[in-house]
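Novice: Below you will find the structure I want to go over with you.
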Amino acid sequence: MWRVLAWDPAYALESPPLEGEVQAAFRPLEEPWAPIGEKAASWPLLHFVDGRERVEALLSDGQRLVLLGSLAVGAVAWREGRMRLGEVWVRRYAVGAEETFRLGALSYEPLPLEGPADPQALLKGLQEERARLEAELARGLQGGVVVVDGPLRMARPRSLGYIKAHWARYLPEKEQGLLRELKPGERTPAFLLRRGGREVASWYLRLPLSGAYPPGAGLLRVEAPLEGFQEMAELSLSLFPALASHPAKDPRAPQNLLPTGGLERELGRRMGSREVVGRQIARFLGGGA
């Protein structure tokens with residue numbers, strides 16, 4: 001019989017986002033290795049894509065573990081300062097299960113895993129499903145430029161991915177020093193990045209900041225397809241600083257872009273109240289540590 005083992009496992013807060021393996025060799029795509037400042041660039045139609053994940057319970061039947069979690073992914077279109085909500089998908093999964101979990105009005109689709117279903121593997125399975133759904137939604141968008149919160153995981157021309165947290169290091173020591181020199185509105189030259197059998201162009205960009213700040217503050221790592229990456233790099237210098245959030249309104253400022261922040265709030269609303277979901281799970285399964 002399944003029972004709740006934990007409501008908010010600590011590992012869910014400790015695991016870094018999926019970013020892939022570090023490349024073995026460094027190859028610049030632009031020379032010289034020096035800061036590049038803003039160039040005027042007009043904005044095309046922009047599609048911002050993002051997703052949210054939420055761990056709702058860790059279950060055990062005494063022998064196996066299953067993670068109940070929710071995912072929401074969506075897109076907003078941005079044109080001439082106006083934002084319009086596009087598609088939003090909400091899914092609930094029983095990660096590590098082979099059968100559907102129906103708990104009253106809640107239904108969790110099975111998401112089987114290969115190998116041992118330990119807590120870290122269950123969380124990784126939920127993260128990978130979120131990345132898959134984001135890529136699927138992005139591939140269906142028509143026209144313009146797709147901007148993804150996170151690494152690029154789909155083969156789509158004219159797209160940008162931006163990474164806010166820097167868990168992996170991609171530059172040698174000498175080139176890494178340029179990051180400390182970047183002023184707001186400047187970027188590094190692009191370099192080749194290999195991940196998961198694919199190659200993309202990547203560069204670092206400094207967002208607007210006020211007052212004194214540490215070297216890593218306001219820093220984004222940006223990705224784009226190799227073909228036409230110069231156009232995307234110029235667009236990023238115009239786009240990201242203009243849409244950076246302000247600390248008075250967003251604790252993750254300036255890296256959490258304005259359209260992404262608005263989309264995240266809507267995704268959270270669509271996922272429903274954590275407290276209501278928790279009461280529903282407890283009603284049918286009980287337990288809890």
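Ordering of the structure tokens sets the chain letters (A, B, ...); residue numbers start at 1 within each chain; ligands are numbered from 1 in the order shown.
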Assign secondary structure with DSSP using the backbone only, and return the residues of stretch 70-152 of chain A in strand (DSSP E) as an NGL selection string.
Specialist: :A and (70-79 or 82-95 or 101-103 or 106-111 or 145-149)
Novice: Using only C-alpha atoms, determine which residues lie at most 9 Å from A:Val145, disregarding the query and same-chain residues fewer than 2 positions distant; provide the list as a PyMOL selection string.
Specialist: chain A and resi 44-48+142-143+147+157-160+232
Novice: So that I have them on file, write out the residues from the current selection with N, CA, C and O atoms, as an mmCIF file, in the first residue's frame.
Specialist:
data_model
loop_
_atom_site.group_PDB
_atom_site.id
_atom_site.type_symbol
_atom_site.label_atom_id
_atom_site.label_comp_id
_atom_site.auth_asym_id
_atom_site.auth_seq_id
_atom_site.Cartn_x
_atom_site.Cartn_y
_atom_site.Cartn_z
ATOM 1 N N PRO A 44 12.381 41.309 -33.676
ATOM 2 C CA PRO A 44 11.315 40.619 -34.394
ATOM 3 C C PRO A 44 10.238 40.158 -33.402
ATOM 4 O O PRO A 44 10.313 40.470 -32.195
ATOM 5 N N LEU A 45 9.252 39.434 -33.876
ATOM 6 C CA LEU A 45 8.311 38.758 -32.984
ATOM 7 C C LEU A 45 9.112 37.812 -32.087
ATOM 8 O O LEU A 45 9.961 37.057 -32.565
ATOM 9 N N LEU A 46 8.855 37.858 -30.778
ATOM 10 C CA LEU A 46 9.585 37.032 -29.820
ATOM 11 C C LEU A 46 8.624 36.078 -29.119
ATOM 12 O O LEU A 46 7.542 36.487 -28.677
ATOM 13 N N HIS A 47 9.018 34.823 -29.024
ATOM 14 C CA HIS A 47 8.261 33.837 -28.259
ATOM 15 C C HIS A 47 9.111 33.425 -27.058
ATOM 16 O O HIS A 47 10.193 32.857 -27.226
ATOM 17 N N PHE A 48 8.643 33.712 -25.849
ATOM 18 C CA PHE A 48 9.353 33.298 -24.645
ATOM 19 C C PHE A 48 8.737 31.995 -24.132
ATOM 20 O O PHE A 48 7.522 31.924 -23.914
ATOM 21 N N GLN A 142 5.429 29.357 -34.524
ATOM 22 C CA GLN A 142 5.636 29.797 -35.902
ATOM 23 C C GLN A 142 6.217 31.201 -35.954
ATOM 24 O O GLN A 142 5.728 32.118 -35.280
ATOM 25 N N GLY A 143 7.274 31.380 -36.775
ATOM 26 C CA GLY A 143 7.836 32.704 -37.031
ATOM 27 C C GLY A 143 8.603 33.269 -35.855
ATOM 28 O O GLY A 143 8.611 32.723 -34.749
ATOM 29 N N VAL A 147 12.782 32.312 -27.489
ATOM 30 C CA VAL A 147 13.705 32.558 -26.376
ATOM 31 C C VAL A 147 13.333 31.594 -25.252
ATOM 32 O O VAL A 147 12.212 31.637 -24.736
ATOM 33 N N PRO A 157 16.052 26.959 -35.968
ATOM 34 C CA PRO A 157 16.795 28.167 -36.333
ATOM 35 C C PRO A 157 16.214 29.379 -35.623
ATOM 36 O O PRO A 157 15.065 29.382 -35.193
ATOM 37 N N ARG A 158 17.025 30.423 -35.484
ATOM 38 C CA ARG A 158 16.612 31.685 -34.864
ATOM 39 C C ARG A 158 16.003 31.431 -33.483
ATOM 40 O O ARG A 158 14.825 31.688 -33.231
ATOM 41 N N SER A 159 16.831 30.930 -32.602
ATOM 42 C CA SER A 159 16.406 30.694 -31.227
ATOM 43 C C SER A 159 17.532 31.074 -30.279
ATOM 44 O O SER A 159 18.706 31.086 -30.653
ATOM 45 N N LEU A 160 17.157 31.402 -29.056
ATOM 46 C CA LEU A 160 18.096 31.776 -28.010
ATOM 47 C C LEU A 160 17.740 31.035 -26.730
ATOM 48 O O LEU A 160 16.559 30.936 -26.368
ATOM 49 N N MET A 232 21.843 36.384 -33.782
ATOM 50 C CA MET A 232 21.267 36.145 -32.463
ATOM 51 C C MET A 232 22.096 36.818 -31.369
ATOM 52 O O MET A 232 21.555 37.308 -30.384
#
Novice: Could you tell me which of A:Ala25, A:Ile36, A:Gly144, A:Leu103 comes closest to A:Leu171 if we count only C-alpha atoms?
Specialist: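 Checking each candidate against A:Leu171, we get A:Ala25 as the closest.
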Novice: Ranking A:Leu226, A:Leu219, A:Val73, A:Val277 by minimum distance to A:Leu85 and counting only C-alpha atoms, which one comes first?
Specialist: A:Val73
Novice: Have a look at A:Glu98, A:Glu227, A:Asp50, A:Glu129 and name the one nearest to A:Gly161; count only C-alpha atoms.
Specialist: A:Asp50
Novice: With distances taken over only C-alpha atoms, which residue among A:Gly81, A:Pro189, A:Gly150, A:Gly278 lies nearest A:Ala6?
Specialist: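 Ranked by minimum distance to A:Ala6, first place goes to A:Gly278.
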Novice: Pick out each residue of stretch 152-274 of chain A that DSSP on the backbone tags as alpha helix (DSSP H); I need them as a ChimeraX atom specification.
Specialist: /A:173-176,178-181,229-242,258-271,274
Novice: Can you tell me which residues surround A:Ala117 at a distance of at most 7 Å, considering only C-alpha atoms, apart from same-chain residues fewer than 5 positions away, and format the answer as a list in words?
Specialist: Leu65, Gly96 and Leu122 of chain A
Novice: Quote the spacing between atom CA of A:Leu29 and atom CA of A:Leu179 in Å to one decimal place.
Specialist: 16.7 Å
Novice: Considering only C-alpha atoms, can you say which of A:Leu243, A:Pro116, A:Leu106, A:Ala155 comes closest to A:Trp78?
Specialist: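 The answer is A:Leu243, which sits nearest to A:Trp78.
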Novice: For atom CA of A:Ala34 and atom CA of A:Ala165, quote the distance in Å rounded to one decimal.
Specialist: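 Calculated distance between atom CA of A:Ala34 and atom CA of A:Ala165 is 22.6 Å.
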Novice: From the set A:Val95, A:Leu235, A:Leu193, A:Leu285, which residue has the shortest atom-to-atom contact distance to A:Gln120, counting only C-alpha atoms?
Specialist: A:Val95
Novice: Show me, as a ChimeraX atom specification, the residues that have an atom within 12 Å of A:Gly125 when counting only C-alpha atoms, minus same-chain residues fewer than 5 positions from it.
Specialist: /A:17-18,53,55,66-69,71,93-97,110-120,130-132
Novice: Hey, can you check how far atom CA of A:Leu152 sits from atom CA of A:Glu199?
Specialist: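 Separating atom CA of A:Leu152 from atom CA of A:Glu199 is a distance of 10.2 Å.
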